[in-house]
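This is data_19.txt (compact mmCIF, C-alpha atoms).
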```
# COMPACT_ATOMS: atom_id res chain seq x y z
CA MET A 26 0.00 0.00 0.00
CA ARG A 27 1.41 3.35 -0.91
CA SER A 28 1.84 5.88 1.88
CA ARG A 29 0.72 9.45 1.24
CA GLY A 30 0.99 12.66 3.22
CA LEU A 31 -2.07 14.37 4.64
CA LEU A 32 -2.07 17.32 2.25
CA GLY A 33 -4.02 20.42 3.15
CA ILE A 34 -4.84 19.21 6.69
CA ILE A 35 -3.54 20.86 9.83
CA LEU A 36 -3.22 18.23 12.53
CA ALA A 37 -2.85 18.84 16.23
CA ALA A 38 -0.35 16.01 16.42
CA SER A 39 3.20 15.20 17.27
CA VAL A 40 4.77 12.97 14.65
CA TYR A 41 7.82 10.89 15.42
CA ALA A 42 9.89 8.73 13.15
CA GLY A 43 8.55 5.22 12.72
CA ALA A 44 6.94 2.77 10.34
CA ASN A 45 4.37 4.29 7.99
CA ASP A 46 1.72 1.81 9.15
CA THR A 47 2.31 2.09 12.90
CA LEU A 48 0.68 4.90 14.89
CA LEU A 49 -1.28 5.89 17.97
CA ILE A 50 -4.47 7.95 17.74
CA ARG A 51 -5.12 9.16 21.27
CA ASN A 52 -7.78 10.94 23.33
CA THR A 53 -10.52 10.45 20.76
CA THR A 54 -14.05 9.06 20.46
CA VAL A 55 -14.02 5.60 18.88
CA HIS A 56 -17.03 4.06 17.16
CA PRO A 57 -16.14 0.34 16.94
CA VAL A 58 -19.52 -0.54 15.28
CA SER A 59 -19.27 -3.99 16.86
CA GLY A 60 -19.98 -2.37 20.22
CA PRO A 61 -20.93 0.95 21.87
CA LYS A 62 -18.85 4.06 21.24
CA GLN A 63 -15.97 4.76 23.59
CA GLU A 64 -14.96 8.27 24.59
CA ASN A 65 -11.49 9.53 25.50
CA VAL A 66 -9.74 6.37 24.38
CA SER A 67 -6.80 5.62 22.09
CA VAL A 68 -6.28 3.33 19.13
CA LEU A 69 -2.90 1.67 18.67
CA VAL A 70 -2.04 0.46 15.18
CA VAL A 71 0.98 -1.78 14.66
CA ASP A 72 2.13 -2.97 11.24
CA GLY A 73 -1.15 -1.91 9.67
CA LYS A 74 -3.40 -3.77 12.11
CA ILE A 75 -5.34 -2.62 15.15
CA ALA A 76 -3.37 -3.77 18.18
CA GLU A 77 -5.31 -2.23 21.04
CA VAL A 78 -8.22 0.07 21.86
CA GLY A 79 -8.39 1.50 25.35
CA ALA A 80 -8.13 4.43 27.74
CA LYS A 81 -4.56 3.95 28.89
CA ILE A 82 -2.32 3.00 26.00
CA ALA A 83 1.29 4.13 26.12
CA ALA A 84 3.29 4.70 22.96
CA LYS A 85 6.12 2.21 22.80
CA GLY A 86 9.17 3.32 20.86
CA LYS A 87 9.20 5.99 18.20
CA ILE A 88 5.83 5.87 16.50
CA LYS A 89 3.53 8.45 14.99
CA ILE A 90 1.25 10.13 17.51
CA VAL A 91 -2.03 11.68 16.32
CA GLU A 92 -3.94 13.84 18.78
CA GLY A 93 -7.61 13.00 18.34
CA LYS A 94 -9.20 15.28 20.92
CA GLY A 95 -12.59 16.45 19.65
CA LEU A 96 -12.46 13.99 16.73
CA HIS A 97 -14.21 10.69 15.99
CA VAL A 98 -12.71 7.45 14.65
CA TYR A 99 -14.83 5.10 12.53
CA PRO A 100 -14.02 2.00 10.48
CA GLY A 101 -13.69 2.80 6.79
CA MET A 102 -16.93 2.46 4.86
CA ILE A 103 -17.54 -0.26 2.26
CA ASP A 104 -19.50 0.45 -0.92
CA SER A 105 -21.16 -2.88 -1.74
CA GLY A 106 -21.45 -2.24 -5.47
CA SER A 107 -19.97 0.32 -7.84
CA PRO A 108 -18.06 0.56 -11.15
CA VAL A 109 -15.60 3.04 -9.59
CA GLY A 110 -12.29 2.62 -11.37
CA MET A 111 -14.00 0.85 -14.29
CA SER A 112 -15.81 3.84 -15.75
CA GLU A 113 -14.48 7.38 -16.05
CA ILE A 114 -16.96 9.19 -18.34
CA SER A 115 -20.06 7.11 -18.98
CA SER A 116 -20.86 8.86 -22.26
CA VAL A 117 -17.38 8.16 -23.65
CA ARG A 118 -17.21 4.48 -24.54
CA GLU A 119 -13.40 4.33 -24.54
CA THR A 120 -13.29 5.26 -20.83
CA THR A 121 -15.77 2.61 -19.72
CA ASP A 122 -14.70 -1.00 -19.22
CA THR A 123 -18.05 -2.58 -18.38
CA GLY A 124 -20.65 -4.25 -20.58
CA GLU A 125 -18.66 -7.00 -22.29
CA LEU A 126 -20.22 -8.84 -25.25
CA GLY A 127 -21.94 -12.15 -24.66
CA ASP A 128 -24.61 -13.36 -22.25
CA PHE A 129 -22.29 -15.33 -19.95
CA ASN A 130 -18.87 -14.06 -18.83
CA PRO A 131 -18.23 -15.58 -15.37
CA GLN A 132 -14.49 -15.79 -16.09
CA LEU A 133 -14.02 -12.00 -16.23
CA ARG A 134 -12.53 -10.34 -13.14
CA ALA A 135 -13.36 -6.72 -12.47
CA LEU A 136 -10.27 -5.90 -10.44
CA ILE A 137 -7.71 -6.35 -13.19
CA ALA A 138 -9.49 -3.71 -15.31
CA VAL A 139 -9.56 -1.07 -12.55
CA ASN A 140 -7.70 2.16 -13.30
CA PRO A 141 -5.87 3.16 -10.08
CA GLU A 142 -5.48 6.72 -11.43
CA SER A 143 -9.21 7.30 -11.93
CA GLU A 144 -10.27 10.80 -10.86
CA HIS A 145 -13.32 9.28 -9.18
CA ILE A 146 -11.31 7.29 -6.64
CA PRO A 147 -9.93 10.26 -4.61
CA VAL A 148 -13.38 11.91 -4.64
CA VAL A 149 -15.07 8.79 -3.25
CA ARG A 150 -12.27 8.16 -0.78
CA ALA A 151 -12.41 11.71 0.61
CA ASN A 152 -15.91 11.04 1.97
CA GLY A 153 -14.79 8.16 4.18
CA ILE A 154 -15.11 5.19 1.83
CA THR A 155 -12.02 2.97 2.01
CA SER A 156 -13.13 -0.03 -0.05
CA VAL A 157 -15.60 -0.97 -2.74
CA MET A 158 -17.12 -4.00 -4.43
CA VAL A 159 -16.23 -3.32 -8.07
CA LEU A 160 -18.91 -4.39 -10.53
CA PRO A 161 -17.72 -5.90 -13.83
CA GLY A 162 -20.94 -5.17 -15.72
CA SER A 163 -23.80 -2.75 -16.09
CA MET A 164 -26.72 -2.51 -13.68
CA GLY A 165 -29.21 -4.23 -15.94
CA GLY A 166 -31.12 -3.69 -19.14
CA ARG A 167 -31.79 -7.36 -19.80
CA GLY A 168 -35.46 -6.62 -20.35
CA ALA A 169 -34.42 -4.48 -23.30
CA GLY A 170 -31.91 -7.02 -24.51
CA GLY A 171 -28.79 -5.22 -23.30
CA GLY A 172 -25.79 -6.22 -21.20
CA SER A 173 -24.86 -9.69 -19.98
CA ILE A 174 -26.83 -12.08 -17.82
CA ILE A 175 -23.65 -13.10 -15.96
CA SER A 176 -21.25 -10.17 -16.21
CA GLY A 177 -18.25 -11.55 -14.33
CA GLN A 178 -16.63 -11.63 -10.92
CA VAL A 179 -17.22 -8.78 -8.48
CA SER A 180 -13.92 -7.81 -6.84
CA MET A 181 -13.45 -6.16 -3.46
CA MET A 182 -10.69 -3.54 -3.50
CA HIS A 183 -9.16 -0.77 -1.44
CA LEU A 184 -9.40 2.76 -2.80
CA ASP A 185 -5.66 3.35 -2.62
CA GLY A 186 -2.71 1.75 -4.36
CA TRP A 187 -0.31 2.14 -7.28
CA THR A 188 -1.62 -1.00 -9.00
CA TRP A 189 -4.67 -3.23 -8.82
CA GLU A 190 -2.54 -5.83 -7.05
CA GLU A 191 -1.95 -3.37 -4.19
CA MET A 192 -5.64 -2.44 -4.10
CA GLU A 193 -6.90 -6.02 -4.01
CA ILE A 194 -8.81 -7.34 -1.00
CA LYS A 195 -10.77 -10.20 -2.58
CA ARG A 196 -10.64 -10.59 -6.34
CA ASP A 197 -13.54 -13.06 -6.62
CA ALA A 198 -15.87 -11.94 -3.84
CA ALA A 199 -19.04 -12.71 -5.81
CA LEU A 200 -20.45 -13.34 -9.27
CA GLN A 201 -22.62 -10.63 -10.82
CA LEU A 202 -25.89 -11.81 -12.35
CA VAL A 203 -28.64 -9.57 -13.73
CA TRP A 204 -31.94 -11.41 -13.46
CA PRO A 205 -33.88 -11.06 -16.74
CA ALA A 206 -36.82 -8.70 -16.33
CA ILE A 207 -40.02 -8.16 -18.26
CA ALA A 208 -39.81 -4.74 -19.89
CA SER A 209 -41.86 -3.46 -22.78
CA ARG A 210 -41.89 0.33 -22.30
CA GLY A 211 -40.83 2.98 -19.85
CA ARG A 212 -42.88 3.73 -16.74
CA GLY A 213 -46.05 5.51 -17.81
CA ALA A 214 -44.82 5.90 -21.40
CA THR A 215 -46.87 5.66 -24.56
CA ASP A 216 -45.76 5.52 -28.18
CA ASP A 217 -46.36 9.27 -28.42
CA ASP A 218 -44.03 9.91 -25.47
CA LEU A 219 -41.11 7.97 -26.93
CA PRO A 220 -38.65 9.03 -29.64
CA PRO A 221 -39.41 7.30 -32.97
CA ALA A 222 -36.36 5.03 -32.68
CA LEU A 223 -37.43 3.76 -29.25
CA ALA A 224 -41.09 3.53 -30.14
CA ALA A 225 -40.18 1.27 -33.05
CA ARG A 226 -38.34 -1.06 -30.68
CA ARG A 227 -41.14 -1.22 -28.11
CA VAL A 228 -42.72 -4.64 -27.71
CA THR A 229 -45.99 -5.81 -26.20
CA PHE A 230 -46.11 -7.26 -22.69
CA ALA A 231 -46.67 -10.74 -24.12
CA GLN A 232 -43.58 -10.47 -26.31
CA ALA A 233 -41.53 -9.01 -23.46
CA LYS A 234 -42.56 -11.93 -21.25
CA ARG A 235 -41.53 -14.43 -23.94
CA ASN A 236 -38.16 -12.68 -24.24
CA GLN A 237 -37.67 -12.87 -20.50
CA GLU A 238 -38.59 -16.54 -20.35
CA GLU A 239 -36.12 -17.24 -23.15
CA GLU A 240 -33.30 -15.57 -21.24
CA VAL A 241 -34.16 -17.45 -18.05
CA ARG A 242 -34.09 -20.68 -20.09
CA LYS A 243 -30.62 -19.82 -21.40
CA LEU A 244 -29.42 -19.14 -17.85
CA LYS A 245 -30.70 -22.50 -16.63
CA GLU A 246 -29.05 -24.29 -19.56
CA PHE A 247 -25.74 -22.56 -18.88
CA VAL A 248 -25.78 -23.59 -15.21
CA GLU A 249 -26.71 -27.14 -16.18
CA ALA A 250 -23.80 -27.24 -18.65
CA ALA A 251 -21.50 -25.98 -15.88
CA ARG A 252 -22.70 -28.80 -13.62
CA ARG A 253 -21.95 -31.37 -16.34
CA TYR A 254 -18.46 -29.89 -16.63
CA GLN A 255 -18.07 -30.06 -12.86
CA LYS A 256 -19.09 -33.72 -12.83
CA ALA A 257 -16.79 -34.56 -15.73
CA LYS A 258 -13.85 -32.83 -14.08
CA SER A 259 -14.38 -34.47 -10.69
CA GLY A 260 -14.64 -37.83 -12.46
CA LYS A 261 -11.46 -37.11 -14.45
CA GLU A 262 -13.23 -37.75 -17.72
CA PRO A 263 -10.69 -38.54 -20.48
CA GLY A 264 -10.23 -35.85 -23.12
CA LEU A 265 -11.97 -33.11 -21.11
CA LYS A 266 -10.74 -29.72 -22.29
CA PRO A 267 -10.50 -26.85 -19.78
CA ASP A 268 -13.21 -24.22 -20.20
CA LEU A 269 -12.56 -20.88 -18.51
CA LYS A 270 -16.24 -20.02 -18.20
CA PHE A 271 -17.13 -23.29 -16.50
CA GLU A 272 -13.99 -23.19 -14.35
CA ALA A 273 -15.15 -19.82 -13.00
CA MET A 274 -18.53 -21.35 -12.13
CA LEU A 275 -17.09 -24.15 -9.98
CA PRO A 276 -16.72 -22.11 -6.74
CA VAL A 277 -20.32 -20.93 -7.20
CA LEU A 278 -21.67 -24.44 -7.72
CA GLU A 279 -19.71 -25.64 -4.69
CA GLY A 280 -21.17 -22.90 -2.49
CA LYS A 281 -17.84 -21.21 -1.91
CA ARG A 282 -18.78 -17.98 -3.67
CA PRO A 283 -22.11 -16.12 -3.61
CA ILE A 284 -23.93 -14.70 -6.59
CA MET A 285 -24.90 -11.03 -6.48
CA VAL A 286 -28.28 -11.16 -8.19
CA LEU A 287 -29.62 -7.81 -9.36
CA ALA A 288 -33.41 -7.96 -9.17
CA SER A 289 -35.61 -4.94 -8.46
CA ARG A 290 -39.27 -5.99 -8.35
CA GLU A 291 -41.25 -8.70 -6.59
CA ARG A 292 -41.67 -10.96 -9.64
CA GLU A 293 -37.96 -10.93 -10.45
CA ILE A 294 -36.99 -11.42 -6.81
CA ARG A 295 -39.31 -14.40 -6.41
CA GLU A 296 -38.03 -16.04 -9.58
CA ALA A 297 -34.40 -15.48 -8.59
CA VAL A 298 -34.90 -16.88 -5.08
CA GLU A 299 -36.76 -19.95 -6.33
CA TRP A 300 -34.11 -20.58 -8.99
CA ALA A 301 -31.26 -20.28 -6.47
CA GLU A 302 -33.03 -22.65 -4.09
CA ARG A 303 -33.52 -25.28 -6.81
CA GLU A 304 -29.90 -24.96 -7.90
CA ARG A 305 -28.62 -24.91 -4.29
CA LEU A 306 -26.77 -21.65 -4.86
CA LYS A 307 -25.85 -18.96 -2.34
CA ILE A 308 -27.19 -15.56 -3.40
CA VAL A 309 -27.11 -11.93 -2.28
CA LEU A 310 -29.95 -9.84 -3.72
CA ALA A 311 -29.00 -6.38 -4.93
CA ASN A 312 -30.73 -3.20 -6.10
CA LEU A 313 -34.11 -4.13 -4.59
CA ARG A 314 -36.73 -1.45 -5.06
CA GLU A 315 -40.13 -3.12 -4.77
CA PRO A 316 -39.81 -6.48 -2.93
CA GLY A 317 -43.51 -6.62 -2.01
CA LYS A 318 -44.52 -9.85 -0.26
CA MET A 319 -41.03 -11.34 -0.68
CA ILE A 320 -39.66 -9.49 2.37
CA GLU A 321 -40.72 -12.18 4.87
CA GLU A 322 -39.36 -14.86 2.55
CA LEU A 323 -35.97 -13.15 2.40
CA ALA A 324 -35.82 -12.94 6.19
CA LYS A 325 -36.84 -16.57 6.58
CA LYS A 326 -34.20 -17.77 4.13
CA LYS A 327 -31.57 -15.37 5.56
CA ILE A 328 -30.85 -13.83 2.17
CA PRO A 329 -28.94 -10.52 2.59
CA VAL A 330 -29.91 -7.47 0.56
CA ILE A 331 -27.82 -4.69 -0.98
CA LEU A 332 -29.82 -1.49 -1.35
CA GLY A 333 -29.10 1.31 -3.78
CA SER A 334 -29.62 5.02 -3.32
CA PRO A 335 -32.94 6.04 -1.72
CA PHE A 336 -32.68 9.40 -3.48
CA THR A 337 -34.92 8.33 -6.33
CA THR A 338 -38.58 8.22 -7.26
CA PRO A 339 -40.78 5.19 -6.48
CA VAL A 340 -41.05 2.49 -9.15
CA ASP A 341 -44.80 2.90 -9.56
CA ASP A 342 -46.70 6.14 -10.11
CA ASP A 343 -49.21 5.37 -7.35
CA ALA A 344 -46.63 4.31 -4.73
CA ALA A 345 -46.03 6.34 -1.58
CA TYR A 346 -43.56 9.18 -2.09
CA ASP A 347 -41.31 7.91 0.72
CA GLU A 348 -41.20 4.28 -0.44
CA PRO A 349 -37.46 4.42 -1.33
CA PHE A 350 -36.67 6.08 2.02
CA THR A 351 -38.52 3.57 4.22
CA LEU A 352 -37.43 0.37 2.46
CA ALA A 353 -34.27 -0.10 4.57
CA ALA A 354 -36.23 0.22 7.82
CA ILE A 355 -38.91 -2.21 6.63
CA LEU A 356 -36.32 -4.82 5.62
CA HIS A 357 -34.44 -4.45 8.91
CA LYS A 358 -37.63 -4.73 10.96
CA ALA A 359 -38.45 -7.97 9.13
CA GLY A 360 -35.02 -9.38 10.02
CA VAL A 361 -33.22 -8.98 6.69
CA LYS A 362 -29.53 -8.07 6.84
CA ILE A 363 -28.89 -5.02 4.67
CA ALA A 364 -25.97 -3.07 3.26
CA PHE A 365 -25.83 -0.07 0.94
CA ALA A 366 -24.22 0.43 -2.44
CA SER A 367 -23.95 3.43 -4.73
CA PHE A 368 -24.32 1.33 -7.92
CA GLY A 369 -22.73 4.22 -9.76
CA THR A 370 -19.62 6.34 -10.17
CA GLN A 371 -20.37 10.05 -10.07
CA PHE A 372 -22.48 9.80 -6.89
CA ALA A 373 -20.58 6.99 -5.16
CA ARG A 374 -19.33 9.58 -2.66
CA ASN A 375 -22.90 9.85 -1.30
CA LEU A 376 -22.82 6.36 0.25
CA PRO A 377 -22.93 7.61 3.90
CA TYR A 378 -25.92 9.80 3.11
CA GLU A 379 -27.87 6.84 1.74
CA ALA A 380 -27.63 5.22 5.17
CA GLY A 381 -28.22 8.53 6.97
CA GLN A 382 -31.40 9.27 5.02
CA SER A 383 -32.78 5.86 5.98
CA VAL A 384 -32.29 6.74 9.67
CA ALA A 385 -34.65 9.70 9.21
CA PHE A 386 -37.26 7.22 7.95
CA GLY A 387 -37.08 4.56 10.67
CA LEU A 388 -33.82 2.63 10.35
CA PRO A 389 -32.02 2.50 13.75
CA TYR A 390 -28.81 4.54 13.68
CA ASP A 391 -26.58 1.65 14.77
CA GLU A 392 -27.94 -0.49 11.94
CA ALA A 393 -27.39 2.31 9.43
CA LEU A 394 -23.75 2.54 10.48
CA LYS A 395 -23.39 -1.23 10.22
CA SER A 396 -24.94 -1.18 6.75
CA VAL A 397 -21.88 0.62 5.36
CA THR A 398 -19.30 -1.15 7.53
CA LEU A 399 -19.71 -4.42 9.45
CA ASN A 400 -22.81 -5.74 7.67
CA ALA A 401 -21.11 -5.31 4.31
CA ALA A 402 -17.98 -7.06 5.58
CA GLU A 403 -20.06 -9.97 6.89
CA ILE A 404 -22.04 -10.32 3.67
CA TRP A 405 -18.87 -10.44 1.56
CA GLY A 406 -16.96 -12.76 3.88
CA VAL A 407 -14.25 -10.38 5.14
CA ALA A 408 -15.60 -9.54 8.62
CA ASP A 409 -12.59 -11.19 10.23
CA GLN A 410 -10.40 -8.45 8.70
CA TYR A 411 -12.59 -5.40 8.07
CA GLY A 412 -15.80 -3.63 9.05
CA SER A 413 -15.19 -2.72 12.69
CA ILE A 414 -12.50 -1.39 15.03
CA GLU A 415 -11.27 -4.46 16.87
CA PRO A 416 -7.80 -5.82 17.70
CA GLY A 417 -6.46 -8.04 14.94
CA LYS A 418 -8.33 -6.35 12.09
CA TRP A 419 -6.74 -4.19 9.42
CA ALA A 420 -6.62 -0.52 10.36
CA ASP A 421 -8.95 0.94 7.73
CA LEU A 422 -9.86 4.01 9.74
CA VAL A 423 -11.63 7.30 9.11
CA VAL A 424 -11.16 10.29 11.43
CA THR A 425 -13.95 12.89 11.34
CA ASP A 426 -15.07 16.02 13.14
CA GLY A 427 -18.61 14.71 13.61
CA ASP A 428 -21.14 12.01 12.78
CA LEU A 429 -19.92 9.97 9.79
CA LEU A 430 -23.42 9.82 8.25
CA GLU A 431 -24.09 13.56 8.45
CA VAL A 432 -23.67 15.76 5.37
CA LYS A 433 -22.03 18.55 7.36
CA THR A 434 -19.29 16.27 8.74
CA ASN A 435 -15.74 16.59 7.38
CA VAL A 436 -13.35 13.68 7.01
CA LYS A 437 -10.08 14.90 8.50
CA MET A 438 -7.87 11.85 8.11
CA MET A 439 -7.94 8.40 6.57
CA PHE A 440 -5.76 5.33 7.08
CA ILE A 441 -5.84 2.22 4.90
CA LYS A 442 -3.99 -0.69 6.46
CA GLY A 443 -2.55 1.85 8.87
CA ALA A 444 -0.99 4.02 6.15
CA ALA A 445 -2.08 7.65 5.87
CA VAL A 446 -4.05 8.44 2.72
CA ASP A 447 -4.12 11.78 0.92
CA LEU A 448 -7.62 13.30 0.96
CA GLU A 449 -6.99 15.76 -1.84
CA SER A 450 -9.17 15.28 -4.93
CA LYS A 451 -10.27 17.13 -8.02
CA HIS A 452 -13.04 18.66 -5.94
CA THR A 453 -10.69 20.06 -3.29
CA LYS A 454 -8.31 21.38 -5.96
CA LEU A 455 -11.12 23.23 -7.73
CA TYR A 456 -12.37 24.55 -4.39
CA LYS A 457 -8.97 26.01 -3.57
CA LYS A 458 -8.58 27.39 -7.08
CA TYR A 459 -11.83 29.31 -7.12
CA MET A 460 -11.67 30.39 -3.49
CA ALA A 461 -8.36 32.07 -4.35
CA ARG A 462 -9.80 33.80 -7.39
CA PRO A 463 -9.30 37.61 -7.16
```
How does the structure come out when it is put into structure tokens?
Amino acid sequence: MRSRGLLGIILAASVYAGANDTLLIRNTTVHPVSGPKQENVSVLVVDGKIAEVGAKIAAKGKIKIVEGKGLHVYPGMIDSGSPVGMSEISSVRETTDTGELGDFNPQLRALIAVNPESEHIPVVRANGITSVMVLPGSMGGRGAGGGSIISGQVSMMHLDGWTWEEMEIKRDAALQLVWPAIASRGRGATDDDLPPALAARRVTFAQAKRNQEEEVRKLKEFVEAARRYQKAKSGKEPGLKPDLKFEAMLPVLEGKRPIMVLASREREIREAVEWAERERLKIVLANLREPGKMIEELAKKKIPVILGSPFTTPVDDDAAYDEPFTLAAILHKAGVKIAFASFGTQFARNLPYEAGQSVAFGLPYDEALKSVTLNAAEIWGVADQYGSIEPGKWADLVVTDGDLLEVKTNVKMMFIKGAAVDLESKHTKLYKKYMARP
């Protein structure tokens, strides 16, 4: 991990010579997430890992000392789904590395295509997000015949590093699957509302349903072919040729890797859950917007859910205006484990506000904080290393001057694996430039 100076930040700290990933943050308020907050305590980080959290911790040897009086320390936030690093300008095809050709691409790994020099990474990082689940494909469009059904492997990465190898946390954390949806026209649209080119492509509901059923059939056939390959390989069938696509499916079929299934509405969710149960596959549902009566089923089957931004309009015209805001609270009350994702690039920095907005509409604050830290780490199988401030875990830490989920709060410092991270971004540079304008 590369070590960077804290540019543009005035710290009330005494800094001594020592390893870049060893430090003591003292006299601060710590929010472990795994337990209640602790005031006037210190956090000792040794070799990039949290060594101790307590009231009386003495600095041993020459290590960096950071005075944290009046500040708050949180675990770094985890964005559970975003193309950050994969897409720079969405309207410029050459800068976007998602949306590969073909319906099934399970062998593709998102992490190796990440651009560590993306301008979006410092912007996202400056708001307290230290890691992200990088999506290899688009968010959907299967109902209109676009994108892949299986886009590739979702990779978990840090938002700091010279190369993707340095940024890597878990290169094959999940498999991205967009469940085929029935789509014939836009919400509330008629032929007169649509441009001629789109109106010409519009299909009836019956045709859209047939298209969706055809894509589901292709998905089932692909999984069945992968199972035949699995059986042939385990039986050491003579003459079997390696197939990269089926090789990538083996950990999924063996239950070692979950599938992130993007499904928004009740019909899609029900179909996806029933399919996964028949195939004995472990799934995480993502981008839910209208789960309807499936909420109790998700809680009963202990299927975790990744929610997108609540700052959007309801799916249906006659739905309650606050439906997107209350969904997190409703899922939590039913017993569903939730996490949040930005599912985008330009607004990925707003991840903490997604959780904060849900608090205003019924989600308990502690659960909102977990949804962007510990819950996400548990869902993606890295809770033994990330997601909370506990001895033995990597020191992905965010130091703020207030509540992490509040818009008015400023992130003062960030440490990834104990190394200080520069919080300067294109936004801060432009701010300084125009503030200094005569």
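With atom CA of A:Gln255 on one side and atom CA of A:Ala301 on the other, the separation reads 17.6 Å.
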From A:Val340, A:Ile207, A:Ile441, A:Ala297, residue lying nearest A:Ala231 [all atoms listed in the file]: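 The closest residue to A:Ala231 is A:Ile207.
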Check which residues of stretch 72-156 of chain A sit at most 12 Å from stretch 264-268 of chain A using all atoms listed in the file, and return one row each with the closest pair of atoms and their distance in Å to one decimal, ordered by chain and rising number, as a Markdown table.
```
| residue | atom | partner | partner_atom | distance |
| --- | --- | --- | --- | --- |
| A:Asn130 | CA | A:Asp268 | CA | 11.7 |
| A:Pro131 | CA | A:Asp268 | CA | 11.1 |
| A:Gln132 | CA | A:Asp268 | CA | 9.5 |
```
Pick from A:Asp197, A:Glu304, A:Glu64, A:Glu77, whichever lies nearest to A:Lys418 using all atoms listed in the file: A:Glu77
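Here atom CA of A:Leu388 stands at a distance of 19.8 Å from atom CA of A:Lys325.
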For A:Val286, find every residue with an atom within 12 Å (counting all atoms listed in the file), except residues of its own chain fewer than 5 positions away, and show them as a PDB file with C-alpha atoms, in the frame of the given file.
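Here's the written file result-v3.pdb:
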```pdb
ATOM      1  CA  GLY A 106     -21.450  -2.240  -5.470  1.00  0.00           C
ATOM      2  CA  LEU A 160     -18.910  -4.390 -10.530  1.00  0.00           C
ATOM      3  CA  MET A 164     -26.720  -2.510 -13.680  1.00  0.00           C
ATOM      4  CA  GLY A 165     -29.210  -4.230 -15.940  1.00  0.00           C
ATOM      5  CA  ILE A 174     -26.830 -12.080 -17.820  1.00  0.00           C
ATOM      6  CA  ILE A 175     -23.650 -13.100 -15.960  1.00  0.00           C
ATOM      7  CA  SER A 176     -21.250 -10.170 -16.210  1.00  0.00           C
ATOM      8  CA  GLY A 177     -18.250 -11.550 -14.330  1.00  0.00           C
ATOM      9  CA  GLN A 178     -16.630 -11.630 -10.920  1.00  0.00           C
ATOM     10  CA  VAL A 179     -17.220  -8.780  -8.480  1.00  0.00           C
ATOM     11  CA  ALA A 199     -19.040 -12.710  -5.810  1.00  0.00           C
ATOM     12  CA  LEU A 200     -20.450 -13.340  -9.270  1.00  0.00           C
ATOM     13  CA  GLN A 201     -22.620 -10.630 -10.820  1.00  0.00           C
ATOM     14  CA  LEU A 202     -25.890 -11.810 -12.350  1.00  0.00           C
ATOM     15  CA  VAL A 203     -28.640  -9.570 -13.730  1.00  0.00           C
ATOM     16  CA  TRP A 204     -31.940 -11.410 -13.460  1.00  0.00           C
ATOM     17  CA  PRO A 205     -33.880 -11.060 -16.740  1.00  0.00           C
ATOM     18  CA  GLU A 293     -37.960 -10.930 -10.450  1.00  0.00           C
ATOM     19  CA  ILE A 294     -36.990 -11.420  -6.810  1.00  0.00           C
ATOM     20  CA  ARG A 295     -39.310 -14.400  -6.410  1.00  0.00           C
ATOM     21  CA  GLU A 296     -38.030 -16.040  -9.580  1.00  0.00           C
ATOM     22  CA  ALA A 297     -34.400 -15.480  -8.590  1.00  0.00           C
ATOM     23  CA  VAL A 298     -34.900 -16.880  -5.080  1.00  0.00           C
ATOM     24  CA  TRP A 300     -34.110 -20.580  -8.990  1.00  0.00           C
ATOM     25  CA  ALA A 301     -31.260 -20.280  -6.470  1.00  0.00           C
ATOM     26  CA  LEU A 306     -26.770 -21.650  -4.860  1.00  0.00           C
ATOM     27  CA  LYS A 307     -25.850 -18.960  -2.340  1.00  0.00           C
ATOM     28  CA  ILE A 308     -27.190 -15.560  -3.400  1.00  0.00           C
ATOM     29  CA  VAL A 309     -27.110 -11.930  -2.280  1.00  0.00           C
ATOM     30  CA  LEU A 310     -29.950  -9.840  -3.720  1.00  0.00           C
ATOM     31  CA  ALA A 311     -29.000  -6.380  -4.930  1.00  0.00           C
ATOM     32  CA  ASN A 312     -30.730  -3.200  -6.100  1.00  0.00           C
ATOM     33  CA  LEU A 313     -34.110  -4.130  -4.590  1.00  0.00           C
ATOM     34  CA  ILE A 328     -30.850 -13.830   2.170  1.00  0.00           C
ATOM     35  CA  PRO A 329     -28.940 -10.520   2.590  1.00  0.00           C
ATOM     36  CA  VAL A 330     -29.910  -7.470   0.560  1.00  0.00           C
ATOM     37  CA  ILE A 331     -27.820  -4.690  -0.980  1.00  0.00           C
ATOM     38  CA  LEU A 332     -29.820  -1.490  -1.350  1.00  0.00           C
TER      39      LEU A 332
END
```
Near-A:Asp428 list (10 Å; all atoms listed in the file; drop same-chain fewer than 2 positions) as a list of chain:residue names: A:His56, A:Leu96, A:His97, A:Val98, A:Tyr99, A:Gly381, A:Thr425, A:Asp426, A:Leu430, A:Glu431, A:Val432, A:Lys433, A:Thr434, A:Asn435, A:Val436
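Distances from A:Ser173, A:Thr370, A:Asn152, A:Ser413 to A:Glu449 were compared using all atoms listed in the file, and the smallest one belongs to A:Asn152.
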Residues within 10 Å of A:Ser383, only C-alpha atoms, excluding chain neighbours under 6 positions, as a list in words: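 Listing them by chain and then by number gives Ser334, Pro335, Pro349, Phe350, Thr351, Leu352, Ala353, Ala354, Pro389, Tyr390, Glu392 and Ala393 of chain A.
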Given all atoms listed in the file as the counted atoms, nearest of A:His145, A:Arg292, A:Lys85, A:Lys358 to A:Gln237: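 Checking each candidate against A:Gln237, we get A:Arg292 as the closest.
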Contact residues around A:Arg196 with all atoms listed in the file at 7 Å, ignoring same-chain residues under 6 positions, as a ChimeraX atom specification: /A:136,180-181
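Put simply, atom CA of A:Gly369 is 22.7 Å away from atom CA of A:Trp187.
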Residue nearest A:Lys94 among A:Leu399, A:Ser59, A:Asn52, A:Ser115 (counting all atoms listed in the file): A:Asn52
